[in-house]
Amino acid sequence: MPVTDFELRSIDAERFSEKGMVRKNIRVDHNSSVTQMKPIGKGTTEVSFRFTANYAGMGRIEIEGKIKYEGGGKDLAINWRKTNKMPNQVANEIHSTILSNCIPESVMIARDLQLPPPIPLPKVNIPSEEEGKKPAGGMEVA
């Protein structure tokens, strides 16, 4: 795995609504973006990022940090500065690392701020006993 280090630098979170306000259908938007790339050492790139979970009109959670990425080095950083793009495989690995580390952190922060978790919770659907029974199969005789 080319990502060798993950570090959080800052966490900023805010709830805009009052504690008692009840809202239905809260929209939560996630965004991860690379803010800077710079080569450090031979073949290693330091990638600064920002993760944001935005609750429409209710609050926001913003996490900043950096990742050390093995591979690409100076060429990756120079190309990113010129085009603001990186190869798809590199982007996939970097953004997957950001999301897999920041989403659990933002769930804990949302709990502390009494905001809904920034991920959809699974729906549990256990059928009742009548729904769970299937009609017996077989031949019908008259």
# chains A, B, ... in the order shown; residues from 1 in each chain; ligands from 1

$ residues_around --residues "Ser33 in chain A" --least-positions-apart "2" --cutoff "7 Å" --atoms "only C-alpha atoms" --output "count of residues only"
5

$ residues_around --residues "Ser106 in chain A" --least-positions-apart "3" --cutoff "12 Å" --atoms "only C-alpha atoms" --output "ChimeraX atom specification"
/A:11-14,28,30,51-55,60-64,98-103,109-119

$ write_last_selection --atoms "N, CA and C atoms" --output "mmCIF file, in the first residue's frame"
data_model
loop_
_atom_site.group_PDB
_atom_site.id
_atom_site.type_symbol
_atom_site.label_atom_id
_atom_site.label_comp_id
_atom_site.auth_asym_id
_atom_site.auth_seq_id
_atom_site.Cartn_x
_atom_site.Cartn_y
_atom_site.Cartn_z
ATOM 1 N N ILE A 11 -9.203 19.861 13.509
ATOM 2 C CA ILE A 11 -10.608 19.469 13.453
ATOM 3 C C ILE A 11 -11.415 20.697 13.845
ATOM 4 N N ASP A 12 -12.348 21.064 12.990
ATOM 5 C CA ASP A 12 -13.213 22.210 13.259
ATOM 6 C C ASP A 12 -14.643 21.754 13.022
ATOM 7 N N ALA A 13 -15.485 21.902 14.028
ATOM 8 C CA ALA A 13 -16.866 21.453 13.900
ATOM 9 C C ALA A 13 -17.789 22.454 14.572
ATOM 10 N N GLU A 14 -18.992 22.561 14.024
ATOM 11 C CA GLU A 14 -19.934 23.543 14.537
ATOM 12 C C GLU A 14 -21.358 23.081 14.256
ATOM 13 N N VAL A 28 -26.633 15.406 4.095
ATOM 14 C CA VAL A 28 -25.245 15.503 4.516
ATOM 15 C C VAL A 28 -24.366 15.279 3.288
ATOM 16 N N HIS A 30 -20.515 15.016 1.725
ATOM 17 C CA HIS A 30 -19.116 14.755 2.052
ATOM 18 C C HIS A 30 -18.241 15.264 0.925
ATOM 19 N N PHE A 51 -11.166 17.291 4.591
ATOM 20 C CA PHE A 51 -12.406 16.522 4.533
ATOM 21 C C PHE A 51 -13.500 17.366 5.165
ATOM 22 N N THR A 52 -14.647 17.449 4.505
ATOM 23 C CA THR A 52 -15.760 18.231 5.023
ATOM 24 C C THR A 52 -17.039 17.412 4.981
ATOM 25 N N ALA A 53 -17.765 17.416 6.090
ATOM 26 C CA ALA A 53 -19.124 16.871 6.136
ATOM 27 C C ALA A 53 -20.023 18.076 6.413
ATOM 28 N N ASN A 54 -20.883 18.397 5.464
ATOM 29 C CA ASN A 54 -21.729 19.586 5.546
ATOM 30 C C ASN A 54 -23.175 19.160 5.770
ATOM 31 N N TYR A 55 -23.769 19.624 6.858
ATOM 32 C CA TYR A 55 -25.168 19.373 7.158
ATOM 33 C C TYR A 55 -25.927 20.617 6.723
ATOM 34 N N ARG A 60 -21.501 21.712 10.417
ATOM 35 C CA ARG A 60 -20.445 21.226 9.534
ATOM 36 C C ARG A 60 -19.311 20.653 10.368
ATOM 37 N N ILE A 61 -18.584 19.732 9.767
ATOM 38 C CA ILE A 61 -17.389 19.142 10.369
ATOM 39 C C ILE A 61 -16.291 19.241 9.325
ATOM 40 N N GLU A 62 -15.165 19.805 9.704
ATOM 41 C CA GLU A 62 -14.036 19.952 8.779
ATOM 42 C C GLU A 62 -12.780 19.370 9.429
ATOM 43 N N ILE A 63 -12.121 18.484 8.712
ATOM 44 C CA ILE A 63 -10.906 17.834 9.209
ATOM 45 C C ILE A 63 -9.794 18.076 8.193
ATOM 46 N N GLU A 64 -8.642 18.510 8.680
ATOM 47 C CA GLU A 64 -7.476 18.702 7.820
ATOM 48 C C GLU A 64 -6.345 17.818 8.314
ATOM 49 N N ILE A 98 -8.346 8.896 2.915
ATOM 50 C CA ILE A 98 -8.940 10.047 3.603
ATOM 51 C C ILE A 98 -10.315 9.670 4.152
ATOM 52 N N LEU A 99 -11.159 9.098 3.312
ATOM 53 C CA LEU A 99 -12.521 8.756 3.738
ATOM 54 C C LEU A 99 -12.526 7.673 4.814
ATOM 55 N N SER A 100 -11.697 6.644 4.665
ATOM 56 C CA SER A 100 -11.712 5.552 5.641
ATOM 57 C C SER A 100 -11.195 5.990 7.006
ATOM 58 N N ASN A 101 -10.449 7.071 7.074
ATOM 59 C CA ASN A 101 -9.973 7.582 8.356
ATOM 60 C C ASN A 101 -10.845 8.714 8.897
ATOM 61 N N CYS A 102 -11.368 9.553 8.026
ATOM 62 C CA CYS A 102 -12.112 10.737 8.474
ATOM 63 C C CYS A 102 -13.582 10.461 8.774
ATOM 64 N N ILE A 103 -14.196 9.525 8.077
ATOM 65 C CA ILE A 103 -15.621 9.250 8.333
ATOM 66 C C ILE A 103 -15.826 8.731 9.764
ATOM 67 N N ILE A 109 -17.427 12.918 16.273
ATOM 68 C CA ILE A 109 -17.611 14.365 16.459
ATOM 69 C C ILE A 109 -19.096 14.717 16.360
ATOM 70 N N ALA A 110 -19.790 14.121 15.394
ATOM 71 C CA ALA A 110 -21.226 14.369 15.229
ATOM 72 C C ALA A 110 -21.987 13.942 16.482
ATOM 73 N N ARG A 111 -21.587 12.840 17.076
ATOM 74 C CA ARG A 111 -22.234 12.397 18.320
ATOM 75 C C ARG A 111 -22.047 13.441 19.424
ATOM 76 N N ASP A 112 -20.834 13.963 19.548
ATOM 77 C CA ASP A 112 -20.556 14.965 20.581
ATOM 78 C C ASP A 112 -21.334 16.259 20.357
ATOM 79 N N LEU A 113 -21.554 16.634 19.111
ATOM 80 C CA LEU A 113 -22.300 17.856 18.782
ATOM 81 C C LEU A 113 -23.809 17.623 18.674
ATOM 82 N N GLN A 114 -24.216 16.374 18.872
ATOM 83 C CA GLN A 114 -25.615 15.966 18.747
ATOM 84 C C GLN A 114 -26.160 16.259 17.355
ATOM 85 N N LEU A 115 -25.333 15.939 16.361
ATOM 86 C CA LEU A 115 -25.747 15.970 14.958
ATOM 87 C C LEU A 115 -25.967 14.524 14.521
ATOM 88 N N PRO A 116 -26.760 14.294 13.499
ATOM 89 C CA PRO A 116 -26.904 12.927 12.992
ATOM 90 C C PRO A 116 -25.568 12.427 12.448
ATOM 91 N N PRO A 117 -25.328 11.132 12.487
ATOM 92 C CA PRO A 117 -24.072 10.615 11.939
ATOM 93 C C PRO A 117 -23.982 10.935 10.450
ATOM 94 N N PRO A 118 -22.789 11.254 9.960
ATOM 95 C CA PRO A 118 -22.653 11.642 8.554
ATOM 96 C C PRO A 118 -22.618 10.460 7.590
ATOM 97 N N ILE A 119 -23.192 9.355 8.008
ATOM 98 C CA ILE A 119 -23.301 8.186 7.136
ATOM 99 C C ILE A 119 -24.731 7.659 7.270
#

$ closest_atom_pairs --of "range 45-110 of chain A" --to "range 36-40 of chain A" --cutoff "8 Å" --atoms "only C-alpha atoms" --output "CSV"
residue,atom,partner,partner_atom,distance
A:Thr45,CA,A:Pro39,CA,4.3
A:Glu46,CA,A:Lys38,CA,5.3
A:Val47,CA,A:Met37,CA,4.6
A:Ser48,CA,A:Gln36,CA,5.0
A:Phe49,CA,A:Gln36,CA,7.1
A:Gly73,CA,A:Pro39,CA,5.3
A:Lys74,CA,A:Pro39,CA,5.0
A:Ala77,CA,A:Met37,CA,5.2
A:Trp80,CA,A:Met37,CA,7.1
A:Arg81,CA,A:Met37,CA,7.5

$ atom_distance --atom1 "CA of Gly72 in chain A" --atom2 "CA of Asn88 in chain A"
12.8 Å

$ atom_distance --atom1 "CA of Glu7 in chain A" --atom2 "CA of Ala56 in chain A"
27.6 Å

$ closest_residue --among "A:Val3, A:Arg27, A:Ser32, A:Arg9" --to "His95 in chain A" --atoms "only C-alpha atoms"
A:Ser32

$ select_by_dssp --residues "chain A" --states "strand (DSSP E or B)" --output "PyMOL selection string"
chain A and resi 3-15+28-39+44-55+59-70

$ write_last_selection --atoms "C-alpha atoms" --output "CSV table (one decimal), in the first residue's frame"
chain,number,residue,atom,x,y,z
A,3,VAL,CA,0.1,5.4,1.8
A,4,THR,CA,2.6,5.1,4.6
A,5,ASP,CA,1.4,7.7,7.1
A,6,PHE,CA,-1.8,9.5,8.0
A,7,GLU,CA,-1.9,12.5,10.3
A,8,LEU,CA,-4.7,14.8,11.4
A,9,ARG,CA,-3.7,18.4,11.9
A,10,SER,CA,-7.0,20.2,12.7
A,11,ILE,CA,-10.6,19.5,13.5
A,12,ASP,CA,-13.2,22.2,13.3
A,13,ALA,CA,-16.9,21.5,13.9
A,14,GLU,CA,-19.9,23.5,14.5
A,15,ARG,CA,-23.7,23.0,15.0
A,28,VAL,CA,-25.2,15.5,4.5
A,29,ASP,CA,-22.6,16.2,1.8
A,30,HIS,CA,-19.1,14.8,2.1
A,31,ASN,CA,-16.1,16.2,0.3
A,32,SER,CA,-12.5,15.3,0.4
A,33,SER,CA,-10.0,17.5,-1.5
A,34,VAL,CA,-6.2,17.6,-1.8
A,35,THR,CA,-5.0,21.1,-0.9
A,36,GLN,CA,-1.2,20.7,-1.5
A,37,MET,CA,1.3,18.2,-2.7
A,38,LYS,CA,5.0,18.4,-2.1
A,39,PRO,CA,7.9,15.9,-2.6
A,44,THR,CA,7.7,10.2,-1.4
A,45,THR,CA,5.0,12.8,-1.6
A,46,GLU,CA,3.4,14.7,1.3
A,47,VAL,CA,-0.3,15.2,0.5
A,48,SER,CA,-2.3,17.8,2.5
A,49,PHE,CA,-6.0,17.3,2.5
A,50,ARG,CA,-9.3,18.6,3.8
A,51,PHE,CA,-12.4,16.5,4.5
A,52,THR,CA,-15.8,18.2,5.0
A,53,ALA,CA,-19.1,16.9,6.1
A,54,ASN,CA,-21.7,19.6,5.5
A,55,TYR,CA,-25.2,19.4,7.2
A,59,GLY,CA,-23.8,22.3,11.0
A,60,ARG,CA,-20.4,21.2,9.5
A,61,ILE,CA,-17.4,19.1,10.4
A,62,GLU,CA,-14.0,20.0,8.8
A,63,ILE,CA,-10.9,17.8,9.2
A,64,GLU,CA,-7.5,18.7,7.8
A,65,GLY,CA,-4.4,16.5,7.7
A,66,LYS,CA,-1.6,15.1,5.7
A,67,ILE,CA,-0.7,11.7,4.1
A,68,LYS,CA,2.7,10.4,3.1
A,69,TYR,CA,2.4,8.7,-0.3
A,70,GLU,CA,5.1,6.4,-1.6

$ closest_residue --among "A:Ile94, A:Phe16, A:Lys82, A:Val107" --to "Pro120 in chain A" --atoms "only C-alpha atoms"
A:Val107

$ select_by_dssp --residues "chain A" --states "alpha helix (DSSP H)" --output "mmCIF file with C-alpha atoms, in the first residue's frame"
data_model
loop_
_atom_site.group_PDB
_atom_site.id
_atom_site.type_symbol
_atom_site.label_atom_id
_atom_site.label_comp_id
_atom_site.auth_asym_id
_atom_site.auth_seq_id
_atom_site.Cartn_x
_atom_site.Cartn_y
_atom_site.Cartn_z
ATOM 1 C CA GLY A 73 7.566 11.736 -5.765
ATOM 2 C CA LYS A 74 8.601 14.951 -7.485
ATOM 3 C CA ASP A 75 6.811 14.187 -10.793
ATOM 4 C CA LEU A 76 3.485 13.580 -9.056
ATOM 5 C CA ALA A 77 3.724 16.850 -7.110
ATOM 6 C CA ILE A 78 4.796 18.896 -10.167
ATOM 7 C CA ASN A 79 1.992 17.487 -12.342
ATOM 8 C CA TRP A 80 -0.558 18.134 -9.593
ATOM 9 C CA ARG A 81 0.579 21.756 -9.234
ATOM 10 C CA LYS A 82 0.296 22.334 -13.004
ATOM 11 C CA THR A 83 -2.980 20.534 -13.727
ATOM 12 C CA ASN A 88 -6.767 7.812 -11.259
ATOM 13 C CA GLN A 89 -5.119 5.009 -9.280
ATOM 14 C CA VAL A 90 -3.261 7.501 -7.062
ATOM 15 C CA ALA A 91 -6.402 9.610 -6.553
ATOM 16 C CA ASN A 92 -8.376 6.482 -5.681
ATOM 17 C CA GLU A 93 -5.858 5.393 -3.030
ATOM 18 C CA ILE A 94 -5.484 8.869 -1.516
ATOM 19 C CA HIS A 95 -9.211 9.662 -1.324
ATOM 20 C CA SER A 96 -10.046 6.152 -0.056
ATOM 21 C CA THR A 97 -7.512 6.624 2.751
ATOM 22 C CA ILE A 98 -8.940 10.047 3.603
ATOM 23 C CA LEU A 99 -12.521 8.756 3.738
ATOM 24 C CA SER A 100 -11.712 5.552 5.641
ATOM 25 C CA ASN A 101 -9.973 7.582 8.356
ATOM 26 C CA CYS A 102 -12.112 10.737 8.474
ATOM 27 C CA ILE A 103 -15.621 9.250 8.333
ATOM 28 C CA PRO A 104 -15.258 7.311 11.630
ATOM 29 C CA GLU A 105 -13.725 10.411 13.241
ATOM 30 C CA SER A 106 -16.590 12.586 11.986
ATOM 31 C CA VAL A 107 -19.152 10.095 13.362
ATOM 32 C CA MET A 108 -17.689 10.573 16.853
ATOM 33 C CA ILE A 109 -17.611 14.365 16.459
ATOM 34 C CA ALA A 110 -21.226 14.369 15.229
ATOM 35 C CA ARG A 111 -22.234 12.397 18.320
ATOM 36 C CA ASP A 112 -20.556 14.965 20.581
ATOM 37 C CA LEU A 113 -22.300 17.856 18.782
ATOM 38 C CA GLU A 129 -43.646 -14.547 12.180
ATOM 39 C CA GLU A 130 -46.595 -14.486 9.764
ATOM 40 C CA GLU A 131 -44.483 -12.848 7.050
ATOM 41 C CA GLY A 132 -41.607 -15.203 7.695
#
